[in-house]
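Novice: This is coords-v7.cif (mmCIF, C-alpha atoms).
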data_work
loop_
_atom_site.label_atom_id
_atom_site.label_comp_id
_atom_site.auth_asym_id
_atom_site.auth_seq_id
_atom_site.Cartn_x
_atom_site.Cartn_y
_atom_site.Cartn_z
CA MET C 147 -16.65 -11.25 5.20
CA LEU C 148 -13.39 -9.39 5.61
CA MET C 149 -11.91 -9.91 2.17
CA LEU C 150 -15.06 -8.70 0.38
CA LYS C 151 -14.39 -5.23 1.75
CA PHE C 152 -11.08 -4.68 -0.06
CA MET C 153 -11.08 -1.67 -2.33
CA PHE C 154 -7.75 -2.72 -3.84
CA GLN C 155 -7.60 -5.57 -6.34
CA SER C 156 -4.31 -7.19 -5.38
CA VAL C 157 -1.71 -7.41 -2.62
CA ASN C 158 1.97 -7.65 -3.59
CA THR C 159 4.42 -9.23 -1.17
CA PHE C 160 8.02 -8.11 -0.81
CA ILE C 161 10.48 -9.50 -3.35
CA PHE C 162 12.13 -12.70 -2.07
CA ILE C 163 14.90 -14.92 -3.40
CA ILE C 164 15.78 -12.97 -6.60
CA TYR C 165 13.15 -11.27 -8.76
CA ARG C 166 10.25 -13.21 -7.25
CA LYS C 167 7.20 -12.21 -5.26
CA LEU C 168 3.66 -13.39 -4.53
CA VAL C 169 0.62 -11.48 -5.75
CA ILE C 170 -2.68 -12.16 -3.98
CA TYR C 171 -6.03 -11.26 -5.56
CA PRO C 172 -8.51 -11.15 -2.63
CA ASN C 173 -11.49 -10.88 -4.99
CA GLY C 174 -10.25 -13.48 -7.44
CA ARG C 175 -8.93 -13.20 -10.94
CA GLY C 176 -11.52 -15.28 -12.72
CA SER C 177 -14.48 -14.03 -14.71
CA GLY C 178 -18.05 -13.97 -13.49
CA LYS C 179 -19.44 -14.77 -10.07
CA ASP C 180 -17.65 -18.13 -9.98
CA GLY C 181 -14.22 -16.49 -10.27
CA GLU C 182 -15.05 -13.80 -7.72
CA ALA C 183 -15.86 -16.46 -5.12
CA TYR C 184 -12.19 -17.45 -4.89
CA VAL C 185 -8.88 -15.94 -3.81
CA SER C 186 -6.22 -16.17 -6.53
CA VAL C 187 -2.50 -16.43 -5.74
CA TYR C 188 0.35 -16.11 -8.25
CA LEU C 189 4.13 -16.35 -8.21
CA VAL C 190 5.43 -13.40 -10.22
CA MET C 191 8.81 -12.46 -11.60
CA ALA C 192 9.51 -8.90 -10.37
CA ASN C 193 11.70 -6.13 -11.81
CA ILE C 194 11.80 -7.92 -15.16
CA THR C 195 13.02 -4.76 -16.89
CA ASP C 196 16.37 -5.46 -15.23
CA LEU C 197 16.60 -8.88 -16.90
CA PRO C 198 17.95 -9.66 -20.40
CA SER C 199 15.35 -9.48 -23.18
CA ASN C 200 15.49 -13.26 -23.73
CA TRP C 201 15.31 -14.25 -20.06
CA GLU C 202 13.62 -17.53 -19.14
CA VAL C 203 13.31 -19.39 -15.83
CA THR C 204 11.83 -22.79 -15.09
CA ALA C 205 10.74 -23.23 -11.49
CA THR C 206 8.79 -25.76 -9.45
CA PHE C 207 6.79 -24.06 -6.73
CA SER C 208 4.13 -24.63 -4.10
CA ILE C 209 2.06 -22.03 -2.26
CA TYR C 210 1.11 -22.55 1.39
CA LEU C 211 -1.64 -21.15 3.62
CA PHE C 212 -1.13 -21.57 7.36
CA ASN C 213 -3.89 -23.11 9.49
CA HIS C 214 -3.82 -21.54 12.96
CA ILE C 215 -5.98 -24.30 14.45
CA SER C 216 -4.19 -27.43 13.21
CA ASP C 217 -0.81 -25.69 13.19
CA ASP C 218 0.02 -26.88 9.69
CA TYR C 219 -0.34 -25.70 6.09
CA ARG C 220 -2.85 -26.06 3.31
CA TYR C 221 -0.77 -26.13 0.15
CA SER C 222 -0.94 -26.38 -3.61
CA ILE C 223 0.76 -29.36 -5.23
CA GLY C 224 4.16 -28.38 -6.56
CA ILE C 225 4.02 -27.55 -10.25
CA ALA C 226 6.79 -26.89 -12.75
CA ARG C 227 6.25 -23.80 -14.86
CA ARG C 228 8.27 -21.78 -17.32
CA PHE C 229 8.49 -18.02 -16.70
CA HIS C 230 9.48 -15.65 -19.50
CA ALA C 231 8.87 -12.10 -20.74
CA LEU C 232 5.50 -12.94 -22.33
CA ASN C 233 4.27 -14.76 -19.23
CA PRO C 234 6.12 -13.64 -16.08
CA GLU C 235 3.53 -15.03 -13.65
CA ARG C 236 2.10 -18.43 -12.81
CA GLY C 237 -0.28 -19.52 -10.12
CA PHE C 238 -3.70 -20.65 -9.00
CA ILE C 239 -6.85 -18.83 -10.04
CA LYS C 240 -8.87 -20.80 -7.45
CA PHE C 241 -6.37 -21.17 -4.64
CA ILE C 242 -9.07 -21.12 -1.93
CA SER C 243 -12.69 -20.05 -1.82
CA LYS C 244 -13.58 -16.94 0.15
CA LYS C 245 -16.09 -19.02 2.07
CA ASP C 246 -13.42 -21.45 3.29
CA LEU C 247 -10.89 -18.70 3.99
CA THR C 248 -13.20 -16.55 6.10
CA ASP C 249 -14.87 -19.40 8.01
CA PRO C 250 -13.44 -19.04 11.57
CA LEU C 251 -13.79 -22.81 12.09
CA ASN C 252 -11.22 -23.44 9.36
CA GLY C 253 -8.50 -21.47 11.13
CA TYR C 254 -7.00 -19.64 8.15
CA LEU C 255 -7.69 -16.15 9.52
CA PHE C 256 -6.55 -15.27 13.02
CA ASP C 257 -6.62 -11.76 14.49
CA ASP C 258 -7.41 -10.39 11.01
CA LYS C 259 -4.28 -12.01 9.55
CA CYS C 260 -3.46 -14.80 7.14
CA VAL C 261 -0.02 -16.31 6.58
CA LEU C 262 1.05 -17.32 3.08
CA GLY C 263 4.25 -19.07 2.13
CA ALA C 264 5.98 -20.02 -1.11
CA GLU C 265 8.48 -22.79 -1.75
CA VAL C 266 10.39 -22.33 -5.00
CA PHE C 267 12.91 -24.73 -6.54
CA VAL C 268 15.17 -23.45 -9.31
CA ASN C 269 18.78 -24.48 -8.70
CA GLY C 270 18.10 -24.60 -4.98
CA ASN C 271 15.16 -23.93 -2.74
CA LYS C 272 14.10 -21.41 -0.21
CA THR C 273 10.87 -21.06 1.74
CA VAL C 274 9.59 -17.59 2.53
CA THR C 275 6.43 -16.52 4.33
CA GLU C 276 4.85 -13.14 4.66
CA CYS C 277 2.16 -12.26 7.19
CA VAL C 278 -0.37 -9.76 5.89
CA SER C 279 -2.70 -8.07 8.37
CA LEU C 280 -5.69 -6.89 6.36
CA LYS C 281 -7.56 -3.91 7.70
CA GLY C 282 -11.23 -3.58 6.73
CA VAL C 283 -11.70 -0.40 4.71
CA GLY C 284 -15.05 0.15 6.36
CA ASN C 285 -13.23 1.64 9.36
CA GLU C 286 -13.55 5.37 9.92
CA PRO C 287 -10.49 7.21 8.56
CA PHE C 288 -8.23 9.12 10.90
CA LYS C 289 -8.68 12.86 10.35
CA GLN C 290 -6.39 15.65 11.54
CA GLU C 291 -6.34 19.39 10.82
CA PHE C 292 -3.19 21.51 10.99
CA LYS C 293 -3.26 25.30 11.26
CA ILE C 294 -0.16 26.71 9.61
CA SER C 295 0.47 30.31 10.67
CA ASN C 296 2.91 32.78 9.07
CA PHE C 297 2.63 30.77 5.89
CA SER C 298 4.59 33.24 3.76
CA ARG C 299 7.59 32.86 6.09
CA LEU C 300 7.83 29.08 5.87
CA ARG C 301 11.09 27.52 4.83
CA ASP C 302 11.46 24.15 3.08
CA PRO C 303 10.32 21.81 4.31
CA TRP C 304 7.59 22.43 6.86
CA THR C 305 6.88 19.24 8.83
CA SER C 306 3.74 18.60 10.84
CA ASP C 307 3.57 17.13 14.31
CA GLU C 308 3.56 13.33 14.33
CA PHE C 309 0.22 11.52 14.34
CA LYS C 310 -0.38 7.81 14.89
CA VAL C 311 -2.61 5.66 12.68
CA GLY C 312 -2.73 1.86 12.53
CA GLY C 313 0.02 1.57 15.12
CA HIS C 314 2.43 3.59 12.95
CA LYS C 315 3.59 7.20 13.12
CA TRP C 316 3.20 9.64 10.23
CA VAL C 317 3.97 13.26 9.33
CA ILE C 318 3.12 15.63 6.50
CA ASP C 319 5.97 17.41 4.71
CA ILE C 320 5.22 20.63 2.81
CA TYR C 321 7.53 22.44 0.41
CA PRO C 322 5.95 25.93 0.16
CA ASN C 323 7.91 26.83 -2.96
CA GLY C 324 7.75 23.39 -4.55
CA ILE C 325 10.40 20.75 -5.08
CA GLY C 326 12.29 19.48 -8.11
CA LYS C 327 10.77 20.55 -11.42
CA GLU C 328 7.89 22.20 -9.57
CA THR C 329 10.14 24.65 -7.69
CA GLY C 330 8.67 28.12 -8.04
CA ARG C 331 5.52 26.75 -9.68
CA SER C 332 3.62 24.58 -7.21
CA LEU C 333 3.17 23.69 -3.57
CA SER C 334 4.50 20.17 -2.91
CA ILE C 335 2.96 17.93 -0.21
CA PHE C 336 4.02 14.46 0.91
CA LEU C 337 2.89 11.90 3.48
CA ARG C 338 5.88 10.35 5.24
CA HIS C 339 6.05 7.22 7.37
CA VAL C 340 8.20 7.80 10.45
CA VAL C 341 10.89 5.14 10.85
CA SER C 342 10.42 2.84 13.82
CA ASN C 343 13.24 0.81 15.36
CA ASN C 344 10.67 -1.79 16.37
CA CYS C 345 9.80 -2.71 12.77
CA ALA C 346 11.38 -5.57 10.84
CA ASN C 347 13.34 -4.63 7.72
CA SER C 348 10.73 -6.29 5.50
CA GLU C 349 7.66 -4.75 7.14
CA ARG C 350 5.50 -2.56 4.95
CA VAL C 351 2.33 -0.52 5.49
CA ARG C 352 -0.34 0.15 2.87
CA SER C 353 -2.43 3.28 3.33
CA CYS C 354 -4.99 5.33 1.46
CA TYR C 355 -4.97 9.05 2.19
CA THR C 356 -6.50 12.39 1.26
CA VAL C 357 -4.83 15.76 1.77
CA ARG C 358 -6.78 18.99 1.40
CA ILE C 359 -6.18 22.72 1.76
CA LYS C 360 -9.35 24.33 3.05
CA ASP C 361 -11.22 27.24 1.54
CA GLN C 362 -11.50 29.63 4.50
CA LEU C 363 -13.75 32.14 2.72
CA HIS C 364 -16.55 30.10 1.19
CA TYR C 365 -15.99 26.75 2.96
CA LEU C 366 -16.95 25.00 -0.28
CA ASN C 367 -14.10 24.81 -2.75
CA HIS C 368 -11.47 22.95 -0.77
CA HIS C 369 -8.52 21.79 -2.86
CA GLN C 370 -7.73 18.13 -2.28
CA MET C 371 -5.98 15.12 -3.76
CA THR C 372 -6.46 11.44 -2.88
CA SER C 373 -4.21 8.43 -3.31
CA SER C 374 -5.67 5.08 -4.35
CA GLY C 375 -3.25 3.39 -1.94
CA ASN C 376 0.52 3.16 -1.53
CA TRP C 377 2.92 0.81 0.26
CA PHE C 378 5.32 2.45 2.73
CA SER C 379 8.44 0.81 4.11
CA ALA C 380 8.22 0.65 7.90
CA SER C 381 11.95 0.33 8.54
CA THR C 382 13.26 3.12 6.29
CA SER C 383 12.05 6.63 5.54
CA SER C 384 9.28 6.22 2.96
CA THR C 385 7.36 9.04 1.30
CA TRP C 386 4.47 9.35 -1.15
CA GLY C 387 2.61 12.44 -2.31
CA TRP C 388 2.45 15.16 -4.93
CA SER C 389 5.20 17.48 -6.14
CA SER C 390 2.52 19.57 -7.88
CA PHE C 391 -0.24 19.56 -5.27
CA ILE C 392 -1.52 23.03 -6.22
CA GLU C 393 -0.13 25.83 -8.38
CA LEU C 394 1.28 28.72 -6.35
CA SER C 395 -0.78 31.22 -8.37
CA SER C 396 -3.97 29.44 -7.30
CA LEU C 397 -2.81 28.97 -3.71
CA ASN C 398 -2.04 32.68 -3.32
CA ASP C 399 -5.20 33.93 -5.07
CA PRO C 400 -6.98 35.94 -2.32
CA ASN C 401 -10.38 35.18 -3.88
CA LYS C 402 -10.00 31.44 -3.33
CA GLY C 403 -9.50 31.61 0.41
CA PHE C 404 -6.68 29.11 0.74
CA ILE C 405 -4.54 31.58 2.67
CA VAL C 406 -6.31 34.05 4.99
CA ASN C 407 -4.42 36.34 7.37
CA ASN C 408 -1.27 34.51 6.32
CA CYS C 409 -2.75 31.27 7.68
CA CYS C 410 -3.38 27.99 5.86
CA LEU C 411 -5.62 25.15 7.07
CA LEU C 412 -4.36 21.72 6.05
CA GLU C 413 -6.38 18.56 6.66
CA VAL C 414 -5.30 14.94 6.23
CA GLU C 415 -7.43 11.78 6.22
CA LEU C 416 -5.63 8.46 6.48
CA VAL C 417 -6.69 4.81 6.53
CA VAL C 418 -4.19 1.99 7.05
CA GLN C 419 -5.42 -0.88 4.85
CA ALA C 420 -2.80 -3.56 5.38
CA ILE C 421 0.44 -4.33 7.19
CA SER C 422 2.83 -6.98 5.86
CA SER C 423 5.86 -8.47 7.56
#
Since I need it in another form, could you write the structure as structure tokens?
Specialist:
Amino acid sequence: MLMLKFMFQSVNTFIFIIYRKLVIYPNGRGSGKDGEAYVSVYLVMANITDLPSNWEVTATFSIYLFNHISDDYRYSIGIARRFHALNPERGFIKFISKKDLTDPLNGYLFDDKCVLGAEVFVNGNKTVTECVSLKGVGNEPFKQEFKISNFSRLRDPWTSDEFKVGGHKWVIDIYPNGIGKETGRSLSIFLRHVVSNNCANSERVRSCYTVRIKDQLHYLNHHQMTSSGNWFSASTSSTWGWSSFIELSSLNDPNKGFIVNNCCLLEVELVVQAISS
């Protein structure tokens, strides 16, 4: 049951047409066991802070789910709904049951992917689909350790060797003296997706990651921070992380063992959860 493994509550598609995107709730949006047995799908107005305070849009829309066996779509009947600041999303709380979606005989999942589409009519119409490859979070995370020598001599930024996870390349960027408001106060660390010329402009990668600096004296009090999950653009340089990963006073404290013989041990764990295109 692939979709029961998701540790994130919703999947947001890229923004299509203008100010519109789909939001998928793999574990449903209803209450109780009945609601959790379904996948919910909503059409959502995005970036509404950029719209006038009295904005209002009436749209007729349908949501489609591709069937890989019959080569056609399961779809919701087109409904007309009014979107406004108090209710910027409309959709289907019981779009499809998890049982039907994950049954291989139904053909909705193929190679760990499902294809959703939306048809929206406002003053015109445009059909957009996004393919989301959902990676089971039960997979073992990729783990890599980097030994950073001559740490006190590093210049901004220090960049790790590339490592490949989920078919995508990544690096770690470290600013030894901090960046932005944290300059001179904290060590800054970021995970960066390496741009690939083979990726479509709309492709995105969602990953969950942990970065830790190891305690080399006691091997107990490692300093680490974990993300709950971020989307990275696959076609442009995309970075997430922490400008204040650890205070410099704590990092340089000889009793904590983060730097020994001018050497720092950095470890990263990374799981790619989903790829959308």
Novice: Could you state which residues are captured by the PyMOL selection byres ((chain C and resi 304) around 8) in this file, as an MDAnalysis selection string?
Specialist: chainID C and resid 300:303 305:306 319:322
Novice: Name the residues within 10 Å of (2.7, 8.6, 12.7), counting all atoms listed in the file in the file's coordinates, and put them as a PyMOL selection string.
Specialist: chain C and resi 307-318+337-342
Novice: Work out how far apart CA of Ile209 in chain C and CA of Leu262 in chain C are and give it in Å to one decimal.
Specialist: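 CA of Leu262 in chain C lies 7.2 Å from CA of Ile209 in chain C.
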Novice: Using all atoms listed in the file, which of the listed residues (C:Ser395, C:Ser298, C:Asn213, C:Ser222) sits closest to Leu251 in chain C?
Specialist: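 Of C:Ser395, C:Ser298, C:Asn213, C:Ser222, the one nearest Leu251 in chain C, counting all atoms listed in the file, is C:Asn213.
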Novice: Padding 3 Å on every side, please: axis-aligned box over the listed atoms of range 235-253 of chain C, centre and edge lengths to one decimal in Å, as AutoDock Vina command-line options.
Specialist:
--center_x -6.3 --center_y -19.2 --center_z -0.8 --size_x 25.6 --size_y 14.4 --size_z 31.7
Novice: Could you jot down the CA of Ile225 in chain C to CA of Arg166 in chain C separation for me, Å, one decimal place?
Specialist: 15.9 Å
Novice: Report, in Å to a single decimal, how far apart CA of Glu286 in chain C and CA of Val414 in chain C are.
Specialist: 13.2 Å
Novice: Name the closest residue to Ile294 in chain C among the candidates C:Gln370, C:Lys360, C:Ile223, C:Cys260; distances are taken between atoms, counting all atoms listed in the file.
Specialist: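 Of all the options, C:Lys360 lies closest to Ile294 in chain C.
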Novice: Ranking C:Asn200, C:Asn343, C:Gln419, C:Ser389 by minimum distance to Gly375 in chain C and counting all atoms listed in the file, which one comes first?
Specialist: C:Gln419
Novice: Show which residues sit within 8 Å of Glu202 in chain C, as a list in words. Count all atoms listed in the file, and ignore same-chain residues fewer than 3 positions away.
Specialist: Arg228, Phe229, His230 and Ala231 of chain C
Novice: So which one's closest to Asn323 in chain C, C:Leu397, C:Ile215, C:Ala380, C:Ile359? Using all atoms listed in the file, please.
Specialist: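 Of C:Leu397, C:Ile215, C:Ala380, C:Ile359, the one nearest Asn323 in chain C, counting all atoms listed in the file, is C:Leu397.
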Novice: Counting all atoms listed in the file, figure out which residue out of C:Cys354, C:Leu168, C:Leu255, C:Leu366 gets nearest to Val418 in chain C.
Specialist: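 Closest to Val418 in chain C of all the choices is C:Cys354.
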Novice: Given only C-alpha atoms as the basis, pick out the residue of C:Glu393, C:Asp258, C:Glu182, C:Glu265 nearest to Glu328 in chain C.
Specialist: C:Glu393
Novice: To test your reading of the syntax: which residues would the PyMOL selection byres ((chain C and resi 173) around 6) return for the file shown? Reply as a ChimeraX atom specification.
Specialist: /C:171-172,174,182,185
Novice: Residues within 12 Å of Leu363 in chain C, please, as number ranges by chain. Count all atoms listed in the file; anything in the same chain fewer than 4 positions from it doesn't count.
Specialist: C: 367-368, 399-407, 410-411
Novice: Using the incomplete input, complete range 311-345 of chain C to the level of N, CA and C atoms; output as a tab-separated table (two decimals), in the coordinates of the input.
Specialist:
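Done, and the output landed in part_6.tsv:
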chain	number	residue	atom	x	y	z
C	311	VAL	N	-1.49	6.35	13.31
C	311	VAL	CA	-2.61	5.66	12.68
C	311	VAL	C	-2.19	4.22	12.41
C	312	GLY	N	-3.03	3.27	12.79
C	312	GLY	CA	-2.73	1.86	12.53
C	312	GLY	C	-1.48	1.37	13.23
C	313	GLY	N	-1.16	1.98	14.38
C	313	GLY	CA	0.02	1.57	15.12
C	313	GLY	C	1.32	2.11	14.55
C	314	HIS	N	1.24	3.01	13.57
C	314	HIS	CA	2.43	3.59	12.95
C	314	HIS	C	2.35	5.12	13.00
C	315	LYS	N	3.52	5.75	13.04
C	315	LYS	CA	3.59	7.20	13.12
C	315	LYS	C	3.81	7.80	11.74
C	316	TRP	N	3.17	8.98	11.53
C	316	TRP	CA	3.20	9.64	10.23
C	316	TRP	C	3.40	11.14	10.42
C	317	VAL	N	3.90	11.80	9.37
C	317	VAL	CA	3.97	13.26	9.33
C	317	VAL	C	3.65	13.71	7.92
C	318	ILE	N	3.30	14.99	7.81
C	318	ILE	CA	3.12	15.63	6.50
C	318	ILE	C	4.29	16.58	6.28
C	319	ASP	N	4.91	16.49	5.11
C	319	ASP	CA	5.97	17.41	4.71
C	319	ASP	C	5.45	18.34	3.62
C	320	ILE	N	5.65	19.64	3.80
C	320	ILE	CA	5.22	20.63	2.81
C	320	ILE	C	6.42	21.43	2.33
C	321	TYR	N	6.53	21.57	1.02
C	321	TYR	CA	7.53	22.44	0.41
C	321	TYR	C	6.78	23.63	-0.17
C	322	PRO	N	6.77	24.78	0.56
C	322	PRO	CA	5.95	25.93	0.16
C	322	PRO	C	6.27	26.47	-1.22
C	323	ASN	N	7.51	26.32	-1.64
C	323	ASN	CA	7.91	26.83	-2.96
C	323	ASN	C	8.12	25.70	-3.96
C	324	GLY	N	7.61	24.52	-3.64
C	324	GLY	CA	7.75	23.39	-4.55
C	324	GLY	C	9.08	22.67	-4.42
C	325	ILE	N	9.18	21.55	-5.11
C	325	ILE	CA	10.40	20.75	-5.08
C	325	ILE	C	10.67	20.20	-6.47
C	326	GLY	N	11.94	20.02	-6.80
C	326	GLY	CA	12.29	19.48	-8.11
C	326	GLY	C	11.85	20.38	-9.24
C	327	LYS	N	11.23	19.79	-10.25
C	327	LYS	CA	10.77	20.55	-11.42
C	327	LYS	C	9.65	21.53	-11.08
C	328	GLU	N	9.00	21.32	-9.95
C	328	GLU	CA	7.89	22.20	-9.57
C	328	GLU	C	8.33	23.37	-8.71
C	329	THR	N	9.63	23.53	-8.48
C	329	THR	CA	10.14	24.65	-7.69
C	329	THR	C	9.73	25.97	-8.34
C	330	GLY	N	9.11	26.83	-7.54
C	330	GLY	CA	8.67	28.12	-8.04
C	330	GLY	C	7.35	28.08	-8.78
C	331	ARG	N	6.77	26.89	-8.92
C	331	ARG	CA	5.52	26.75	-9.68
C	331	ARG	C	4.37	26.22	-8.83
C	332	SER	N	4.68	25.27	-7.94
C	332	SER	CA	3.62	24.58	-7.21
C	332	SER	C	4.00	24.36	-5.75
C	333	LEU	N	2.98	24.14	-4.94
C	333	LEU	CA	3.17	23.69	-3.57
C	333	LEU	C	3.29	22.17	-3.61
C	334	SER	N	4.29	21.62	-2.94
C	334	SER	CA	4.50	20.17	-2.91
C	334	SER	C	4.14	19.64	-1.53
C	335	ILE	N	3.39	18.53	-1.48
C	335	ILE	CA	2.96	17.93	-0.21
C	335	ILE	C	3.18	16.43	-0.26
C	336	PHE	N	3.74	15.89	0.85
C	336	PHE	CA	4.02	14.46	0.91
C	336	PHE	C	3.62	13.90	2.27
C	337	LEU	N	3.13	12.66	2.26
C	337	LEU	CA	2.89	11.90	3.48
C	337	LEU	C	4.12	11.03	3.72
C	338	ARG	N	4.66	11.10	4.94
C	338	ARG	CA	5.88	10.35	5.24
C	338	ARG	C	5.66	9.43	6.43
C	339	HIS	N	6.08	8.18	6.26
C	339	HIS	CA	6.05	7.22	7.37
C	339	HIS	C	7.28	7.43	8.22
C	340	VAL	N	7.09	7.58	9.53
C	340	VAL	CA	8.20	7.80	10.45
C	340	VAL	C	8.85	6.47	10.79
C	341	VAL	N	10.15	6.39	10.62
C	341	VAL	CA	10.89	5.14	10.85
C	341	VAL	C	10.75	4.70	12.30
C	342	SER	N	10.50	3.41	12.48
C	342	SER	CA	10.42	2.84	13.82
C	342	SER	C	11.49	1.77	13.98
C	343	ASN	N	12.21	1.82	15.09
C	343	ASN	CA	13.24	0.81	15.36
C	343	ASN	C	12.64	-0.54	15.72
C	344	ASN	N	11.32	-0.55	15.98
C	344	ASN	CA	10.67	-1.79	16.37
C	344	ASN	C	10.17	-2.60	15.18
C	345	CYS	N	10.31	-2.05	13.96
C	345	CYS	CA	9.80	-2.71	12.77
C	345	CYS	C	10.88	-3.57	12.11
